[in-house]
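Trainee: File follows, input-v3.tsv with TSV, C-alpha atoms and all ligand atoms:
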```tsv
chain	number	residue	atom	x	y	z
A	145	MET	CA	0.00	0.00	0.00
A	146	THR	CA	2.68	2.48	-0.97
A	147	ASN	CA	1.86	6.02	-1.90
A	148	GLN	CA	2.20	6.52	-5.66
A	149	ARG	CA	1.10	10.12	-5.62
A	150	SER	CA	3.23	12.70	-7.32
A	151	PRO	CA	2.10	16.31	-7.60
A	152	LEU	CA	-0.13	17.42	-10.43
A	153	VAL	CA	-0.86	21.01	-11.44
A	154	ILE	CA	-3.80	21.80	-13.70
A	155	GLY	CA	-4.33	25.28	-15.13
A	156	ASN	CA	-8.01	26.08	-15.60
A	157	TRP	CA	-8.20	28.99	-18.02
A	158	LYS	CA	-11.99	29.26	-17.66
A	159	MET	CA	-13.63	31.48	-20.34
A	160	GLN	CA	-10.43	33.36	-21.05
A	161	GLY	CA	-7.85	33.44	-23.82
A	162	SER	CA	-7.61	33.91	-27.56
A	163	LEU	CA	-5.62	32.23	-30.31
A	164	ALA	CA	-2.83	34.77	-29.90
A	165	LEU	CA	-2.75	34.75	-26.09
A	166	ASN	CA	-2.94	30.97	-25.89
A	167	ALA	CA	-0.04	30.55	-28.30
A	168	SER	CA	2.24	32.75	-26.23
A	169	LEU	CA	1.17	31.13	-22.96
A	170	VAL	CA	1.70	27.61	-24.26
A	171	HIS	CA	5.05	28.60	-25.73
A	172	ALA	CA	6.23	29.78	-22.31
A	173	LEU	CA	5.18	26.48	-20.70
A	174	LEU	CA	6.96	24.21	-23.15
A	175	ALA	CA	10.16	24.35	-21.12
A	176	LEU	CA	8.48	22.52	-18.20
A	177	LYS	CA	10.05	19.16	-17.44
A	178	ASN	CA	9.71	16.41	-14.82
A	179	VAL	CA	6.46	17.59	-13.31
A	180	SER	CA	2.89	16.56	-14.13
A	181	VAL	CA	1.07	19.52	-15.63
A	182	ALA	CA	-2.14	19.93	-17.60
A	183	ILE	CA	-3.90	22.95	-19.04
A	184	ALA	CA	-7.61	23.40	-19.63
A	185	PRO	CA	-8.27	25.97	-22.35
A	186	PRO	CA	-11.84	26.69	-23.47
A	187	LEU	CA	-13.20	23.77	-25.50
A	188	VAL	CA	-13.00	25.64	-28.80
A	189	TYR	CA	-9.21	25.93	-28.47
A	190	LEU	CA	-8.43	22.35	-27.48
A	191	ALA	CA	-7.41	21.04	-30.89
A	192	THR	CA	-5.12	23.98	-31.63
A	193	THR	CA	-3.57	23.78	-28.17
A	194	ARG	CA	-2.90	20.10	-28.66
A	195	GLN	CA	-0.90	20.86	-31.79
A	196	GLN	CA	1.11	23.46	-29.89
A	197	LEU	CA	1.85	20.90	-27.17
A	198	VAL	CA	3.31	18.27	-29.51
A	199	GLY	CA	6.60	17.04	-28.05
A	200	SER	CA	5.75	18.31	-24.58
A	201	ALA	CA	4.61	16.25	-21.58
A	202	ILE	CA	1.94	18.81	-20.72
A	203	LYS	CA	-1.48	17.21	-20.93
A	204	LEU	CA	-4.72	18.63	-22.13
A	205	ALA	CA	-7.76	19.01	-19.87
A	206	ALA	CA	-11.35	19.94	-20.74
A	207	GLN	CA	-13.43	22.31	-18.63
A	208	ASN	CA	-16.73	20.66	-19.44
A	209	VAL	CA	-18.35	17.70	-21.19
A	210	ALA	CA	-21.81	16.66	-22.33
A	211	ALA	CA	-23.70	14.49	-19.87
A	212	GLU	CA	-26.16	12.88	-22.29
A	213	GLY	CA	-24.11	10.58	-24.46
A	214	GLN	CA	-21.23	10.35	-26.90
A	215	GLN	CA	-23.02	11.66	-29.97
A	216	GLY	CA	-26.45	12.72	-31.10
A	217	ALA	CA	-28.86	15.60	-31.40
A	218	TYR	CA	-27.65	17.75	-28.50
A	219	THR	CA	-27.12	21.18	-30.02
A	220	GLY	CA	-24.18	23.03	-28.55
A	221	GLU	CA	-22.77	20.11	-26.58
A	222	VAL	CA	-19.33	18.49	-26.81
A	223	SER	CA	-19.03	14.81	-25.96
A	224	ALA	CA	-16.29	12.95	-24.15
A	225	ARG	CA	-15.66	10.99	-27.35
A	226	MET	CA	-14.90	14.25	-29.14
A	227	LEU	CA	-12.65	15.36	-26.30
A	228	ALA	CA	-10.75	12.07	-26.50
A	229	ASP	CA	-10.53	12.51	-30.28
A	230	VAL	CA	-8.62	15.78	-29.86
A	231	GLY	CA	-6.30	14.31	-27.23
A	232	VAL	CA	-7.87	15.36	-23.94
A	233	HIS	CA	-6.47	13.51	-20.90
A	234	TYR	CA	-8.40	15.09	-17.99
A	235	GLY	CA	-11.93	16.46	-17.74
A	236	ILE	CA	-13.02	18.85	-15.00
A	237	VAL	CA	-16.48	18.12	-13.59
A	238	GLY	CA	-18.41	19.68	-10.74
A	239	HIS	CA	-16.57	23.00	-10.76
A	240	SER	CA	-18.38	25.38	-8.43
A	241	GLU	CA	-18.91	27.89	-11.25
A	242	ARG	CA	-20.85	25.25	-13.16
A	243	ARG	CA	-22.78	24.23	-10.06
A	244	GLN	CA	-23.55	27.88	-9.29
A	245	TYR	CA	-24.21	29.46	-12.71
A	246	TYR	CA	-25.47	26.48	-14.71
A	247	GLY	CA	-27.39	24.64	-12.02
A	248	GLU	CA	-25.26	21.50	-12.20
A	249	THR	CA	-26.40	19.03	-9.59
A	250	ASP	CA	-24.49	16.22	-7.91
A	251	ALA	CA	-26.37	13.77	-10.14
A	252	LEU	CA	-25.38	15.63	-13.33
A	253	VAL	CA	-21.76	15.78	-12.19
A	254	ALA	CA	-21.79	12.00	-11.72
A	255	LYS	CA	-23.20	11.52	-15.24
A	256	LYS	CA	-20.47	13.67	-16.74
A	257	PHE	CA	-17.90	11.71	-14.73
A	258	ILE	CA	-19.21	8.48	-16.29
A	259	ARG	CA	-19.16	9.90	-19.84
A	260	LEU	CA	-15.49	10.88	-19.43
A	261	GLN	CA	-14.40	7.50	-18.08
A	262	GLU	CA	-16.24	5.74	-20.92
A	263	GLN	CA	-13.72	7.41	-23.19
A	264	GLY	CA	-10.66	6.86	-21.00
A	265	ILE	CA	-10.52	10.49	-19.85
A	266	GLN	CA	-9.66	11.02	-16.18
A	267	PRO	CA	-12.33	13.07	-14.44
A	268	VAL	CA	-11.19	15.80	-12.05
A	269	VAL	CA	-14.13	16.06	-9.64
A	270	CYS	CA	-14.37	19.38	-7.83
A	271	VAL	CA	-15.94	19.64	-4.40
A	272	GLY	CA	-16.07	22.56	-2.00
A	273	GLU	CA	-18.20	24.54	0.38
A	274	SER	CA	-19.47	28.11	0.19
A	275	LEU	CA	-18.59	30.69	2.82
A	276	ALA	CA	-22.04	30.35	4.42
A	277	GLU	CA	-21.61	26.58	4.60
A	278	ARG	CA	-18.16	26.95	6.18
A	279	GLU	CA	-19.48	29.42	8.73
A	280	ALA	CA	-22.33	27.05	9.52
A	281	GLY	CA	-19.81	24.27	10.23
A	282	GLN	CA	-20.98	22.21	7.26
A	283	VAL	CA	-17.71	21.71	5.37
A	284	GLU	CA	-17.50	17.95	5.84
A	285	GLN	CA	-21.19	17.48	5.22
A	286	VAL	CA	-21.04	19.37	1.90
A	287	VAL	CA	-17.86	17.86	0.48
A	288	SER	CA	-18.87	14.35	1.48
A	289	ARG	CA	-22.30	14.77	-0.14
A	290	GLN	CA	-20.63	15.95	-3.36
A	291	LEU	CA	-18.09	13.13	-3.46
A	292	LEU	CA	-20.48	10.41	-2.32
A	293	ALA	CA	-22.79	11.29	-5.22
A	294	VAL	CA	-20.00	10.21	-7.56
A	295	ILE	CA	-19.03	7.14	-5.52
A	296	GLU	CA	-22.64	5.96	-5.31
A	297	GLN	CA	-23.29	6.44	-9.04
A	298	CYS	CA	-19.97	5.24	-10.38
A	299	GLY	CA	-18.64	2.87	-7.72
A	300	ILE	CA	-15.51	3.31	-5.63
A	301	GLN	CA	-13.33	1.68	-8.32
A	302	ALA	CA	-14.04	4.67	-10.54
A	303	LEU	CA	-11.86	6.76	-8.24
A	304	ALA	CA	-8.85	4.64	-9.15
A	305	ASN	CA	-8.80	6.60	-12.42
A	306	ALA	CA	-9.86	10.01	-11.28
A	307	VAL	CA	-8.60	13.06	-9.47
A	308	VAL	CA	-10.43	15.01	-6.76
A	309	ALA	CA	-10.05	18.76	-6.34
A	310	TYR	CA	-11.02	20.47	-3.11
A	311	GLU	CA	-11.96	24.04	-3.99
A	312	PRO	CA	-13.60	26.08	-1.25
A	313	VAL	CA	-15.93	28.39	-3.16
A	314	TRP	CA	-15.00	31.39	-1.01
A	315	ALA	CA	-11.36	31.02	-2.06
A	316	ILE	CA	-11.94	30.91	-5.83
A	317	GLY	CA	-10.85	34.07	-7.60
A	318	THR	CA	-11.04	36.05	-4.35
A	319	GLY	CA	-7.40	36.11	-3.32
A	320	LYS	CA	-8.40	34.32	-0.10
A	321	THR	CA	-6.63	31.01	0.13
A	322	ALA	CA	-7.50	28.42	2.73
A	323	THR	CA	-4.56	28.11	5.11
A	324	PRO	CA	-2.48	25.04	4.33
A	325	GLU	CA	-3.66	23.55	7.63
A	326	ASP	CA	-7.37	24.18	6.91
A	327	ALA	CA	-7.02	22.76	3.41
A	328	GLN	CA	-5.06	19.77	4.73
A	329	ALA	CA	-7.84	19.00	7.22
A	330	VAL	CA	-10.40	18.76	4.42
A	331	HIS	CA	-8.05	16.79	2.18
A	332	ARG	CA	-7.44	14.31	4.99
A	333	PHE	CA	-11.17	14.05	5.59
A	334	LEU	CA	-11.79	13.32	1.89
A	335	ARG	CA	-9.05	10.70	1.80
A	336	GLN	CA	-10.48	9.04	4.91
A	337	LEU	CA	-13.92	9.07	3.33
A	338	VAL	CA	-12.59	7.26	0.26
A	339	GLY	CA	-10.54	5.01	2.56
A	340	SER	CA	-13.69	3.88	4.31
A	341	TYR	CA	-14.54	2.18	0.98
A	342	ASP	CA	-11.08	1.22	-0.25
A	343	LYS	CA	-7.79	2.01	1.49
A	344	ASN	CA	-5.60	1.41	-1.53
A	345	ILE	CA	-7.63	3.70	-3.78
A	346	ALA	CA	-7.61	6.37	-1.07
A	347	GLU	CA	-3.86	6.14	-0.65
A	348	ASN	CA	-3.24	6.56	-4.37
A	349	LEU	CA	-5.89	9.20	-5.05
A	350	SER	CA	-4.57	12.63	-6.05
A	351	ILE	CA	-6.45	15.34	-4.19
A	352	LEU	CA	-5.67	18.80	-5.59
A	353	TYR	CA	-6.32	22.07	-3.83
A	354	GLY	CA	-7.87	24.97	-5.72
A	355	GLY	CA	-8.74	28.52	-4.75
A	356	SER	CA	-6.36	31.44	-5.23
A	357	VAL	CA	-3.26	29.28	-5.54
A	358	LYS	CA	-0.41	31.64	-6.37
A	359	ALA	CA	3.34	31.48	-6.76
A	360	ASP	CA	3.84	32.59	-3.17
A	361	ASN	CA	1.48	30.16	-1.41
A	362	ALA	CA	1.92	27.05	-3.56
A	363	ALA	CA	4.93	25.61	-1.74
A	364	SER	CA	3.27	25.74	1.69
A	365	LEU	CA	0.15	24.05	0.31
A	366	PHE	CA	2.19	21.35	-1.44
A	367	ALA	CA	4.08	20.67	1.79
A	368	MET	CA	0.89	19.26	3.33
A	369	PRO	CA	0.75	15.45	3.33
A	370	ASP	CA	-2.66	15.14	1.68
A	371	ILE	CA	-2.37	18.00	-0.84
A	372	ASP	CA	-1.19	16.46	-4.10
A	373	GLY	CA	-1.10	19.49	-6.34
A	374	ALA	CA	-3.32	22.32	-7.46
A	375	LEU	CA	-6.13	23.35	-9.74
A	376	VAL	CA	-5.13	26.89	-10.67
A	377	GLY	CA	-7.43	29.51	-12.18
A	378	GLY	CA	-6.24	33.12	-12.36
A	379	ALA	CA	-2.54	32.41	-11.92
A	380	SER	CA	-2.59	29.88	-14.76
A	381	LEU	CA	-3.05	32.75	-17.23
A	382	VAL	CA	0.22	34.41	-16.27
A	383	ALA	CA	3.10	32.31	-17.56
A	384	THR	CA	5.63	33.28	-14.89
A	385	ASP	CA	3.14	32.64	-12.07
A	386	PHE	CA	2.01	29.29	-13.45
A	387	LEU	CA	5.61	28.21	-14.04
A	388	ALA	CA	6.48	29.14	-10.46
A	389	ILE	CA	3.58	27.02	-9.15
A	390	CYS	CA	4.70	24.09	-11.32
A	391	HIS	CA	8.25	24.47	-10.04
A	392	ALA	CA	6.97	24.48	-6.46
A	393	ALA	CA	5.18	21.21	-7.20
A	394	LYS	CA	8.37	19.76	-8.61
A	395	ALA	CA	10.37	20.91	-5.59
A	396	SER	CA	7.84	19.29	-3.24
A	397	LEU	CA	8.47	16.02	-5.04
A	398	VAL	CA	12.20	16.04	-4.52
A	399	GLY	CA	12.07	17.83	-1.17
B	1	LIG	P1	-8.53	30.68	-8.85
B	1	LIG	O1	-9.51	29.58	-9.48
B	1	LIG	O2	-7.15	30.08	-8.82
B	1	LIG	O3	-8.62	31.86	-9.79
B	1	LIG	O4	-9.03	30.97	-7.49
B	1	LIG	C1	-9.39	28.23	-9.15
B	1	LIG	C2	-10.44	27.43	-9.88
B	1	LIG	O5	-11.58	27.89	-10.00
B	1	LIG	O6	-10.16	26.31	-10.34
```
Translate the structure described by the file into structure tokens.
Mentor:
Amino acid sequence: MTNQRSPLVIGNWKMQGSLALNASLVHALLALKNVSVAIAPPLVYLATTRQQLVGSAIKLAAQNVAAEGQQGAYTGEVSARMLADVGVHYGIVGHSERRQYYGETDALVAKKFIRLQEQGIQPVVCVGESLAEREAGQVEQVVSRQLLAVIEQCGIQALANAVVAYEPVWAIGTGKTATPEDAQAVHRFLRQLVGSYDKNIAENLSILYGGSVKADNAASLFAMPDIDGALVGGASLVATDFLAICHAAKASLVG
């Protein structure tokens, strides 16, 4: 039951970028070596970004996926099969912005998770509480409800090929990061929750932290035993900042 986890950093560009901006950002990242990194550009840019990443170990992630199926009459949707076709490795599901602005429920998140795994794409399931929920002492209740929805729909084995991201909603894009100790407490809780089903899967599960991860707080987060990397929003759009976070991840591996 040895720990196979090595840090992973995923840059979530959200609805930001352009052909020109993306090209310069990707160019700056190509020098990255010996650290697991993925970037999630808007869906429309995935194929172009893949071409720019040829020869690099940086993987491609999708920010969203259709829940309904792999093809069919679903105007405006993009299926997991299409994502796999353009070389996507990870798919983010359950991001709080999708839960909040697009009404995505735990059940829908689980469906999207299944669609991704059907195509061999690793889901990155986001969980996290709002400020009101934190203040009401409901952190564990909320994150366990969100993760259990996936475990109950997909089975615990599904987490052997998935990543979890703990993203407290109050820390996303606000500049407020959870302290490393507060984040660690939730990460440990999530790992124990998974461990109550399967210890080996829990031990090998990568649990990323997300929410205002920056160059200057990354190392202290990565030093925590149950924080296995980061899902980075704002700072992933600034090459020097994202590179610094990736280097902190690499240093935590050797350190
Ligand atoms: P942030 O976003 O780093 O800008 O807080 C994180 C996320 O939403 O994944």
Trainee: Select, from A:Glu311, A:Asp342, A:Glu212, A:Asp360, the residue with the minimum atom-to-atom distance to Arg259 in chain A, counting only C-alpha atoms.
Mentor: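 Of A:Glu311, A:Asp342, A:Glu212, A:Asp360, the one nearest Arg259 in chain A, counting only C-alpha atoms, is A:Glu212.
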Trainee: Between A:Gly281, A:Gly199, A:Gly272, A:Gly216, single out the one closest to ligand LIG 1 (chain B), counting only C-alpha atoms and all ligand atoms.
Mentor: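 Answer, going by the shortest atom-to-atom distance: A:Gly272.
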Trainee: Which centre and edge lengths in Å to one decimal define the box along x, y and z that fits every listed atom of range 243-257 of chain A plus 6 Å per side, as AutoDock Vina command-line options?
Mentor:
```
--center_x -22.6 --center_y 20.5 --center_z -12.3 --size_x 21.5 --size_y 29.9 --size_z 20.8
```
Trainee: In terms of the shortest atom-to-atom distance over all atoms listed in the file, which of A:Asn166, A:Ser396, A:Ser240, A:Gln290 is closest to ligand LIG 1 (chain B)?
Mentor: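 Selected residue with least distance to ligand LIG 1 (chain B): A:Ser240.
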Trainee: Which residues are near range 181-194 of chain A? Cut-off 9 Å, all atoms listed in the file, ignore same chain within fewer than 2 positions. Put them as a ChimeraX atom specification.
Mentor: /A:151-163,166-167,170,176,179,196-198,201-208,222,227,230-236,380,390
Trainee: So which residues are near ligand LIG 1 (chain B), meaning at most 7 Å away with all atoms listed in the file counted, given back as a PDB file with C-alpha atoms, in the coordinates of the input?
Mentor:
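Now in pocket-v2.pdb:
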```
ATOM      1  CA  ASN A 156      -8.010  26.080 -15.600  1.00  0.00           C
ATOM      2  CA  GLU A 311     -11.960  24.040  -3.990  1.00  0.00           C
ATOM      3  CA  ALA A 315     -11.360  31.020  -2.060  1.00  0.00           C
ATOM      4  CA  ILE A 316     -11.940  30.910  -5.830  1.00  0.00           C
ATOM      5  CA  GLY A 317     -10.850  34.070  -7.600  1.00  0.00           C
ATOM      6  CA  THR A 318     -11.040  36.050  -4.350  1.00  0.00           C
ATOM      7  CA  GLY A 319      -7.400  36.110  -3.320  1.00  0.00           C
ATOM      8  CA  GLY A 354      -7.870  24.970  -5.720  1.00  0.00           C
ATOM      9  CA  GLY A 355      -8.740  28.520  -4.750  1.00  0.00           C
ATOM     10  CA  SER A 356      -6.360  31.440  -5.230  1.00  0.00           C
ATOM     11  CA  VAL A 357      -3.260  29.280  -5.540  1.00  0.00           C
ATOM     12  CA  LEU A 375      -6.130  23.350  -9.740  1.00  0.00           C
ATOM     13  CA  VAL A 376      -5.130  26.890 -10.670  1.00  0.00           C
ATOM     14  CA  GLY A 377      -7.430  29.510 -12.180  1.00  0.00           C
ATOM     15  CA  GLY A 378      -6.240  33.120 -12.360  1.00  0.00           C
ATOM     16  CA  ALA A 379      -2.540  32.410 -11.920  1.00  0.00           C
TER      17      ALA A 379
END
```
Trainee: Between A:Leu174, A:Ala374, A:Val308, A:Ala210, which one has atoms that come closest to Leu252 in chain A, using only C-alpha atoms?
Mentor: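 For Leu252 in chain A, the nearest of the given residues is A:Ala210.
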Trainee: For Arg289 in chain A, which residue among A:Ala306, A:Thr219, A:Leu334, A:Ile389 is the nearest when counting all atoms listed in the file?
Mentor: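 The shortest atom-to-atom distance to Arg289 in chain A comes from A:Leu334.
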Trainee: With all atoms listed in the file counted, which protein, DNA or RNA residues have an atom no more than 8 Å from (-22.8, 12.8, -17.1) in the file frame? Please answer as a list in words.
Mentor: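 Counting all atoms listed in the file, I find these residues within 8 Å of (-22.8, 12.8, -17.1): Val209, Ala210, Ala211, Glu212, Gly213, Ala251, Leu252, Val253, Ala254, Lys255, Lys256, Phe257, Ile258, Arg259 and Leu260 of chain A.
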Trainee: What does the structure give for the distance between CA of Arg335 in chain A and CA of Glu347 in chain A, in Å to one decimal?
Mentor: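 Computed distance, CA of Arg335 in chain A to CA of Glu347 in chain A, equals 7.3 Å.
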Trainee: So which residues touch Gly264 in chain A within 9 Å, counting all atoms listed in the file, skipping near sequence neighbours fewer than 2 positions away, as a compact mmCIF listing (two decimals) with C-alpha atoms, in the frame of the given file?
Mentor:
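Writing done, so here's selection-v1.txt:
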```txt
# COMPACT_ATOMS: atom_id res chain seq x y z
CA ALA A 224 -16.29 12.95 -24.15
CA ALA A 228 -10.75 12.07 -26.50
CA HIS A 233 -6.47 13.51 -20.90
CA LEU A 260 -15.49 10.88 -19.43
CA GLN A 261 -14.40 7.50 -18.08
CA GLU A 262 -16.24 5.74 -20.92
CA GLN A 266 -9.66 11.02 -16.18
CA ASN A 305 -8.80 6.60 -12.42
```
Trainee: Could you please determine the separation between CA of Leu291 in chain A and CA of Val269 in chain A in Å, to one decimal place?
Mentor: 7.9 Å
Trainee: What's around Asp326 in chain A at 12 Å? Count only C-alpha atoms, leave out sequence neighbours fewer than 3 positions away in its own chain, and write the answer as a PyMOL selection string.
Mentor: chain A and resi 278+283-284+310-312+315+321-323+329-333+353+364-365+368+370-371
